[in-house]
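Peer 1: I'd like to ask some things about the structure below.
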Amino acid sequence: MKLKRKLFLFLSLNLILYLFLFSPSPSSAQPKEPGKVYKVAILPFLIHSQENLDYLREGINDILTSRITVEGRIIVIERTVVERALWEMRPMRLDETVAKEAGTRIGADYVVLGSITKIGNYISLDARLISITEDKPPLGAYTQHKGIDDVMTKIGDFAQDIGFRIIGRRATTARPSDSRHPSIIQPGREIGRVGPEGLGFKKSQTFNFEIKGLDIGDVDGDKKNEVVVMDHHNIYVFKYDGDKLSLFRKIEAGHQHNFLTLDVADVNRNGYAEIIVTSVVEDNLQSFIVEYEQGEFRTITRKGGWFFRVLEHPKDGPVLMGQQMGSDGLISGAIYKFVWKKNSFEKGPKMGFPKETSIFGLAMGDIRGEGKLDVLALDESGRLKIVSGDGKSFWTSRAIFGGTNNSYDTKKKKDPVYRAGSAPDWRVFIPGRILIKDLDGDGLNEVIVNKNHASLGLLERAKSFNAGEVYNLVWDAGNLTTNWKTRELDGYISDFQLKDADNDGNEELVVAVTESHASGAMGGTGASMILFFKLF
């Protein structure tokens, strides 16, 4: 009898355990209704800060609205309807109980509520998704960061998770007129090997000099691209086979030079990419252009009194631009197109950029998907600006991008702070590169720009960076927002480019990284390497 009881008890316990483990839970047992349209109410986020962060609250609301909405499946209830319900309720505080009551009043299936807290430079986000009509546990998101960018990234991730929680798949931006429009933050987005934690890469050998500039092009006319880099006064041309860099040629210009920028492009359309260098010698511009002829590199433009830069024009292809140095030693005046005439480049027509536009940190393209060419520029503080034809900025980033210690000193301008004694030469920093490309082929352009992180406070005459990333930004909901970014790289990103470096038919993201140090003095040294990121 005891044995029978034990056997009965054993079987009963196993049956209970089986039912417990394999029976569907109340939430998972409820099948999603294929034809149902879910309604989501976004409550105003609470702000805990001595600063006015209303703009941040508005930005979060816009991102959530844009990212949660799925045409025919999820709609976001109008903000005025939500605000009206709260005004009628007049709650003493905004908690989950109040959120559920407000959601029930306005017929919402889900409610989003949260708070933002700013203490010093740190911002923390606490957000939740509450189910009203279905038996599901709350979905939460919490993060704390120094700066706004990572908080907004977390909001994008949270919006993705909301779509997955409600209909079982990631939400995408609702834009019936253009279903290809990229989302704000796509942690699972596949662009070849792009992922949320950044890209994998190959490293070159370490060079015992500081790479100041980098570009890629077919300089010897063999239908294969070369990788070209420069230090303070030398140019190095490498062949890259996907595994190693082999030095093809070194071009020495002399220690008196301070190279500022490097471009490699076939701007005279003869089948050979020119090597274009902006250089300063003793407070004067002595820029030059080199071209490969009959097995040798020949200087076809020397001692050019211009700042040179190549603009990737959406309609005209690569265009050589020039801008002069003013009497105060600064970059100033109109920007001109340089044209090839017989055997030299000559100043051509004035380009239609707004007044006071700098030739550096400048790009042009249809950024907003409206069929119009936008001018995108980095200002002196490192903020990205989209500039209209009359020179007015109609969008400016809150985040700081670029960051460079590439500079020249001029005696033509003095710092007015120094009233007694000899004032040091004025230091002019050169903004970094901006690229505009449609990498994923969806018909919408992306903005590629680097961001270097300061290791110490940035002084006017010395800048030090210890890490950097390359960002891919897309226009969405009235803002350029992070689409993807590389992992954080140790060192200073001095330059980058997006071209086919290994001649496999696909473009690579090629990044020059120098060990972190304060620079700016001509002739500085440092260890550098080149990173090759496969995007496809």
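Residue numbering restarts at 1 for every chain of the structure tokens, chains are lettered A, B, ... in their displayed order, and ligands are numbered from 1 as they appear.
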Could you list, with a cut-off of 12 Å and counting only C-alpha atoms, the residues of region 356-382 of chain A near region 470-474 of chain A, each shown with its nearest atom pair and the distance in Å rounded to one decimal, rows sorted by chain and ascending number, as a tab-separated table?

Peer 2:
residue	atom	partner	partner_atom	distance
A:Asp366	CA	A:Val474	CA	11.2
A:Ile367	CA	A:Val474	CA	7.7
A:Arg368	CA	A:Val474	CA	8.4
A:Gly369	CA	A:Val474	CA	10.0

Peer 1: Which residues come within 12 Å of Ile162 (chain A), counting only C-alpha atoms, excluding same-chain residues fewer than 3 positions away, as a PyMOL selection string?

Peer 2: chain A and resi 38-40+42+64-65+67-70+74+76+110-112+127-131+138-141+155-159+165-172

Peer 1: What gap, in Å, lies between CA of Pro44 (chain A) and CA of Gly103 (chain A)?

Peer 2: 12.9 Å

Peer 1: Point out the residue among A:Ala467, A:Ala377, A:Ile300, A:Val339 with the least atom-to-atom distance to Phe353 (chain A), counting only C-alpha atoms.

Peer 2: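 Among A:Ala467, A:Ala377, A:Ile300, A:Val339, it is A:Ala377 that comes nearest to Phe353 (chain A).
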
Peer 1: Among the residues of region 196-425 of chain A, find those DSSP assigns to strand (DSSP E or B) from the backbone and print them as a PyMOL selection string.

Peer 2: chain A and resi 201-203+207+213-217+226-230+234-240+245-252+258-265+274-281+284-285+287-293+296-304+307-313+317-325+331-341+344-350+362-365+374-378+383-387+393-400+402+407-414+425

Peer 1: Got a sec: who's within 7 Å of Val219 (chain A), counting only C-alpha atoms, leaving out chain neighbours fewer than 5 positions off, as a ChimeraX atom specification?

Peer 2: /A:226,272-274,292

Peer 1: If you count only C-alpha atoms, which residues fall within 9 Å of Thr143 (chain A), apart from same-chain ones fewer than 4 positions away, as a PyMOL selection string?

Peer 2: chain A and resi 123-126+150-151+154

Peer 1: For the residues selected in the previous step, produce a file with C-alpha atoms as an mmCIF file, in the first residue's frame.

Peer 2:
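Output (part12.cif):
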data_model
loop_
_atom_site.group_PDB
_atom_site.id
_atom_site.type_symbol
_atom_site.label_atom_id
_atom_site.label_comp_id
_atom_site.auth_asym_id
_atom_site.auth_seq_id
_atom_site.Cartn_x
_atom_site.Cartn_y
_atom_site.Cartn_z
ATOM 1 C CA ILE A 123 20.919 62.294 -17.992
ATOM 2 C CA SER A 124 18.907 59.251 -16.944
ATOM 3 C CA LEU A 125 15.818 57.861 -18.629
ATOM 4 C CA ASP A 126 13.160 55.636 -17.033
ATOM 5 C CA ASP A 150 22.894 57.710 -26.000
ATOM 6 C CA VAL A 151 19.634 58.508 -24.225
ATOM 7 C CA LYS A 154 17.857 54.057 -25.966
#

Peer 1: Distance CA of Ile116 (chain A)-CA of Ser49 (chain A), one decimal place?

Peer 2: 8.0 Å

Peer 1: Any idea what the distance is between CA of Arg427 (chain A) and CA of Asp409 (chain A)?

Peer 2: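 That distance, rounded to one decimal, is 4.4 Å.
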
Peer 1: What's around His453 (chain A) at 7 Å? Count only C-alpha atoms, leave out sequence neighbours fewer than 4 positions away in its own chain, and write the answer as an mmCIF file with N, CA, C and O atoms, in the first residue's frame.

Peer 2:
data_model
loop_
_atom_site.group_PDB
_atom_site.id
_atom_site.type_symbol
_atom_site.label_atom_id
_atom_site.label_comp_id
_atom_site.auth_asym_id
_atom_site.auth_seq_id
_atom_site.Cartn_x
_atom_site.Cartn_y
_atom_site.Cartn_z
ATOM 1 N N PHE A 465 42.531 63.907 -27.809
ATOM 2 C CA PHE A 465 41.438 62.957 -27.961
ATOM 3 C C PHE A 465 41.960 61.557 -27.664
ATOM 4 O O PHE A 465 43.079 61.209 -28.043
ATOM 5 N N ASN A 466 41.146 60.759 -26.999
ATOM 6 C CA ASN A 466 41.588 59.407 -26.656
ATOM 7 C C ASN A 466 40.725 58.307 -27.245
ATOM 8 O O ASN A 466 41.023 57.126 -27.087
ATOM 9 N N ALA A 467 39.650 58.662 -27.937
ATOM 10 C CA ALA A 467 38.769 57.653 -28.542
ATOM 11 C C ALA A 467 37.912 58.319 -29.601
ATOM 12 O O ALA A 467 37.729 59.544 -29.601
ATOM 13 N N GLY A 468 37.385 57.526 -30.495
ATOM 14 C CA GLY A 468 36.540 58.078 -31.545
ATOM 15 C C GLY A 468 35.653 57.023 -32.169
ATOM 16 O O GLY A 468 35.880 55.811 -32.017
#

Peer 1: What's around Gly326 (chain A) at 12 Å? Count only C-alpha atoms, leave out sequence neighbours fewer than 2 positions away in its own chain, and write the answer as a PDB file with all heavy atoms, in the first residue's frame.

Peer 2:
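Written out: result.pdb:
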ATOM      1  N   ASP A 283      53.394  80.484 -42.818  1.00  0.00           N
ATOM      2  CA  ASP A 283      52.234  81.380 -42.800  1.00  0.00           C
ATOM      3  C   ASP A 283      51.702  81.724 -44.193  1.00  0.00           C
ATOM      4  O   ASP A 283      50.958  82.688 -44.360  1.00  0.00           O
ATOM      5  CB  ASP A 283      52.548  82.677 -42.043  1.00  0.00           C
ATOM      6  CG  ASP A 283      51.319  83.211 -41.301  1.00  0.00           C
ATOM      7  OD1 ASP A 283      50.226  82.640 -41.486  1.00  0.00           O
ATOM      8  OD2 ASP A 283      51.446  84.189 -40.561  1.00  0.00           O
ATOM      9  N   ASN A 284      52.099  80.961 -45.199  1.00  0.00           N
ATOM     10  CA  ASN A 284      51.594  81.175 -46.552  1.00  0.00           C
ATOM     11  C   ASN A 284      51.126  79.855 -47.149  1.00  0.00           C
ATOM     12  O   ASN A 284      51.723  78.799 -46.892  1.00  0.00           O
ATOM     13  CB  ASN A 284      52.680  81.783 -47.453  1.00  0.00           C
ATOM     14  CG  ASN A 284      53.034  83.194 -47.049  1.00  0.00           C
ATOM     15  OD1 ASN A 284      52.189  84.086 -47.032  1.00  0.00           O
ATOM     16  ND2 ASN A 284      54.297  83.410 -46.701  1.00  0.00           N
ATOM     17  N   LEU A 285      50.086  79.936 -47.941  1.00  0.00           N
ATOM     18  CA  LEU A 285      49.582  78.742 -48.600  1.00  0.00           C
ATOM     19  C   LEU A 285      50.510  78.327 -49.739  1.00  0.00           C
ATOM     20  O   LEU A 285      50.873  79.149 -50.588  1.00  0.00           O
ATOM     21  CB  LEU A 285      48.177  78.999 -49.148  1.00  0.00           C
ATOM     22  CG  LEU A 285      47.028  78.956 -48.129  1.00  0.00           C
ATOM     23  CD1 LEU A 285      45.760  79.539 -48.727  1.00  0.00           C
ATOM     24  CD2 LEU A 285      46.783  77.528 -47.669  1.00  0.00           C
ATOM     25  N   GLY A 305      48.231  79.294 -54.007  1.00  0.00           N
ATOM     26  CA  GLY A 305      47.825  80.137 -52.886  1.00  0.00           C
ATOM     27  C   GLY A 305      46.367  79.944 -52.520  1.00  0.00           C
ATOM     28  O   GLY A 305      45.645  80.938 -52.313  1.00  0.00           O
ATOM     29  N   TRP A 306      45.960  78.688 -52.427  1.00  0.00           N
ATOM     30  CA  TRP A 306      44.557  78.361 -52.164  1.00  0.00           C
ATOM     31  C   TRP A 306      44.460  77.213 -51.169  1.00  0.00           C
ATOM     32  O   TRP A 306      45.327  76.336 -51.135  1.00  0.00           O
ATOM     33  CB  TRP A 306      43.843  77.941 -53.451  1.00  0.00           C
ATOM     34  CG  TRP A 306      43.728  79.033 -54.470  1.00  0.00           C
ATOM     35  CD1 TRP A 306      44.675  79.393 -55.387  1.00  0.00           C
ATOM     36  CD2 TRP A 306      42.623  79.909 -54.664  1.00  0.00           C
ATOM     37  NE1 TRP A 306      44.223  80.443 -56.147  1.00  0.00           N
ATOM     38  CE2 TRP A 306      42.957  80.789 -55.728  1.00  0.00           C
ATOM     39  CE3 TRP A 306      41.371  80.056 -54.057  1.00  0.00           C
ATOM     40  CZ2 TRP A 306      42.110  81.770 -56.185  1.00  0.00           C
ATOM     41  CZ3 TRP A 306      40.515  81.040 -54.524  1.00  0.00           C
ATOM     42  CH2 TRP A 306      40.879  81.893 -55.569  1.00  0.00           C
ATOM     43  N   PHE A 307      43.393  77.242 -50.386  1.00  0.00           N
ATOM     44  CA  PHE A 307      42.972  76.044 -49.674  1.00  0.00           C
ATOM     45  C   PHE A 307      42.209  75.191 -50.689  1.00  0.00           C
ATOM     46  O   PHE A 307      41.266  75.682 -51.331  1.00  0.00           O
ATOM     47  CB  PHE A 307      42.039  76.380 -48.509  1.00  0.00           C
ATOM     48  CG  PHE A 307      42.676  77.184 -47.409  1.00  0.00           C
ATOM     49  CD1 PHE A 307      42.468  78.548 -47.323  1.00  0.00           C
ATOM     50  CD2 PHE A 307      43.466  76.573 -46.446  1.00  0.00           C
ATOM     51  CE1 PHE A 307      43.039  79.296 -46.302  1.00  0.00           C
ATOM     52  CE2 PHE A 307      44.045  77.304 -45.422  1.00  0.00           C
ATOM     53  CZ  PHE A 307      43.831  78.670 -45.350  1.00  0.00           C
ATOM     54  N   GLN A 323      39.572  78.096 -51.934  1.00  0.00           N
ATOM     55  CA  GLN A 323      39.218  79.259 -51.122  1.00  0.00           C
ATOM     56  C   GLN A 323      40.515  79.884 -50.621  1.00  0.00           C
ATOM     57  O   GLN A 323      41.504  79.185 -50.376  1.00  0.00           O
ATOM     58  CB  GLN A 323      38.326  78.849 -49.949  1.00  0.00           C
ATOM     59  CG  GLN A 323      37.683  79.999 -49.197  1.00  0.00           C
ATOM     60  CD  GLN A 323      36.655  79.510 -48.168  1.00  0.00           C
ATOM     61  OE1 GLN A 323      36.701  78.367 -47.736  1.00  0.00           O
ATOM     62  NE2 GLN A 323      35.726  80.364 -47.781  1.00  0.00           N
ATOM     63  N   GLN A 324      40.526  81.186 -50.469  1.00  0.00           N
ATOM     64  CA  GLN A 324      41.774  81.866 -50.148  1.00  0.00           C
ATOM     65  C   GLN A 324      41.945  82.140 -48.657  1.00  0.00           C
ATOM     66  O   GLN A 324      41.003  82.008 -47.874  1.00  0.00           O
ATOM     67  CB  GLN A 324      41.854  83.179 -50.932  1.00  0.00           C
ATOM     68  CG  GLN A 324      42.044  82.972 -52.429  1.00  0.00           C
ATOM     69  CD  GLN A 324      42.234  84.271 -53.172  1.00  0.00           C
ATOM     70  OE1 GLN A 324      41.465  85.214 -53.020  1.00  0.00           O
ATOM     71  NE2 GLN A 324      43.272  84.341 -54.000  1.00  0.00           N
ATOM     72  N   ASP A 328      43.936  88.369 -42.512  1.00  0.00           N
ATOM     73  CA  ASP A 328      44.093  88.014 -41.103  1.00  0.00           C
ATOM     74  C   ASP A 328      44.569  86.576 -40.916  1.00  0.00           C
ATOM     75  O   ASP A 328      44.623  86.068 -39.801  1.00  0.00           O
ATOM     76  CB  ASP A 328      42.778  88.222 -40.346  1.00  0.00           C
ATOM     77  CG  ASP A 328      41.612  87.433 -40.952  1.00  0.00           C
ATOM     78  OD1 ASP A 328      41.832  86.707 -41.958  1.00  0.00           O
ATOM     79  OD2 ASP A 328      40.487  87.536 -40.432  1.00  0.00           O
ATOM     80  N   GLY A 329      44.904  85.912 -42.014  1.00  0.00           N
ATOM     81  CA  GLY A 329      45.406  84.549 -41.936  1.00  0.00           C
ATOM     82  C   GLY A 329      44.343  83.483 -41.824  1.00  0.00           C
ATOM     83  O   GLY A 329      44.673  82.300 -41.705  1.00  0.00           O
ATOM     84  N   LEU A 330      43.076  83.871 -41.871  1.00  0.00           N
ATOM     85  CA  LEU A 330      41.978  82.920 -41.705  1.00  0.00           C
ATOM     86  C   LEU A 330      41.417  82.490 -43.052  1.00  0.00           C
ATOM     87  O   LEU A 330      41.655  83.135 -44.081  1.00  0.00           O
ATOM     88  CB  LEU A 330      40.873  83.542 -40.846  1.00  0.00           C
ATOM     89  CG  LEU A 330      41.277  84.085 -39.475  1.00  0.00           C
ATOM     90  CD1 LEU A 330      40.055  84.585 -38.729  1.00  0.00           C
ATOM     91  CD2 LEU A 330      42.009  83.013 -38.665  1.00  0.00           C
ATOM     92  N   ILE A 331      40.669  81.402 -43.049  1.00  0.00           N
ATOM     93  CA  ILE A 331      39.999  80.914 -44.251  1.00  0.00           C
ATOM     94  C   ILE A 331      38.817  81.838 -44.528  1.00  0.00           C
ATOM     95  O   ILE A 331      37.930  81.985 -43.684  1.00  0.00           O
ATOM     96  CB  ILE A 331      39.505  79.476 -44.046  1.00  0.00           C
ATOM     97  CG1 ILE A 331      40.656  78.579 -43.604  1.00  0.00           C
ATOM     98  CG2 ILE A 331      38.857  78.935 -45.307  1.00  0.00           C
ATOM     99  CD1 ILE A 331      40.211  77.246 -43.033  1.00  0.00           C
ATOM    100  N   SER A 332      38.798  82.477 -45.672  1.00  0.00           N
ATOM    101  CA  SER A 332      37.743  83.470 -45.907  1.00  0.00           C
ATOM    102  C   SER A 332      37.509  83.671 -47.400  1.00  0.00           C
ATOM    103  O   SER A 332      38.264  83.190 -48.245  1.00  0.00           O
ATOM    104  CB  SER A 332      38.120  84.811 -45.257  1.00  0.00           C
ATOM    105  OG  SER A 332      39.290  85.340 -45.864  1.00  0.00           O
ATOM    106  N   GLY A 333      36.451  84.403 -47.690  1.00  0.00           N
ATOM    107  CA  GLY A 333      36.118  84.730 -49.070  1.00  0.00           C
ATOM    108  C   GLY A 333      35.246  83.688 -49.731  1.00  0.00           C
ATOM    109  O   GLY A 333      34.842  82.692 -49.132  1.00  0.00           O
ATOM    110  N   ALA A 334      34.974  83.929 -51.001  1.00  0.00           N
ATOM    111  CA  ALA A 334      34.112  83.042 -51.766  1.00  0.00           C
ATOM    112  C   ALA A 334      34.836  81.729 -52.085  1.00  0.00           C
ATOM    113  O   ALA A 334      36.065  81.655 -52.075  1.00  0.00           O
ATOM    114  CB  ALA A 334      33.680  83.726 -53.057  1.00  0.00           C
ATOM    115  N   GLU A 356      30.318  83.242 -46.081  1.00  0.00           N
ATOM    116  CA  GLU A 356      31.070  82.797 -44.900  1.00  0.00           C
ATOM    117  C   GLU A 356      31.099  81.269 -44.747  1.00  0.00           C
ATOM    118  O   GLU A 356      31.428  80.754 -43.679  1.00  0.00           O
ATOM    119  CB  GLU A 356      30.528  83.443 -43.621  1.00  0.00           C
ATOM    120  CG  GLU A 356      30.642  84.963 -43.630  1.00  0.00           C
ATOM    121  CD  GLU A 356      30.147  85.589 -42.337  1.00  0.00           C
ATOM    122  OE1 GLU A 356      29.671  84.832 -41.468  1.00  0.00           O
ATOM    123  OE2 GLU A 356      30.246  86.819 -42.209  1.00  0.00           O
ATOM    124  N   THR A 410      49.074  81.193 -37.530  1.00  0.00           N
ATOM    125  CA  THR A 410      49.293  82.386 -38.345  1.00  0.00           C
ATOM    126  C   THR A 410      49.673  83.570 -37.474  1.00  0.00           C
ATOM    127  O   THR A 410      49.086  83.789 -36.403  1.00  0.00           O
ATOM    128  CB  THR A 410      48.050  82.732 -39.191  1.00  0.00           C
ATOM    129  OG1 THR A 410      48.296  83.933 -39.915  1.00  0.00           O
ATOM    130  CG2 THR A 410      46.811  82.908 -38.327  1.00  0.00           C
ATOM    131  N   LYS A 412      49.385  86.571 -38.645  1.00  0.00           N
ATOM    132  CA  LYS A 412      48.601  87.683 -39.192  1.00  0.00           C
ATOM    133  C   LYS A 412      47.442  88.081 -38.286  1.00  0.00           C
ATOM    134  O   LYS A 412      46.843  89.137 -38.468  1.00  0.00           O
ATOM    135  CB  LYS A 412      48.064  87.297 -40.575  1.00  0.00           C
ATOM    136  CG  LYS A 412      49.166  86.994 -41.576  1.00  0.00           C
ATOM    137  CD  LYS A 412      48.607  86.447 -42.881  1.00  0.00           C
ATOM    138  CE  LYS A 412      49.735  86.071 -43.840  1.00  0.00           C
ATOM    139  NZ  LYS A 412      49.228  85.487 -45.099  1.00  0.00           N
ATOM    140  N   LYS A 413      47.120  87.216 -37.324  1.00  0.00           N
ATOM    141  CA  LYS A 413      46.042  87.530 -36.383  1.00  0.00           C
ATOM    142  C   LYS A 413      46.539  87.268 -34.971  1.00  0.00           C
ATOM    143  O   LYS A 413      47.202  86.266 -34.723  1.00  0.00           O
ATOM    144  CB  LYS A 413      44.806  86.667 -36.663  1.00  0.00           C
ATOM    145  CG  LYS A 413      43.607  86.960 -35.765  1.00  0.00           C
ATOM    146  CD  LYS A 413      42.425  86.102 -36.145  1.00  0.00           C
ATOM    147  CE  LYS A 413      41.240  86.285 -35.209  1.00  0.00           C
ATOM    148  NZ  LYS A 413      40.696  87.636 -35.231  1.00  0.00           N
TER     149      LYS A 413
END

Peer 1: Tell me which of A:Lys485, A:Arg93, A:Arg398, A:Lys202 sits closest to Leu245 (chain A), counting only C-alpha atoms.

Peer 2: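 Among the listed residues, the smallest separation from Leu245 (chain A) belongs to A:Lys202.
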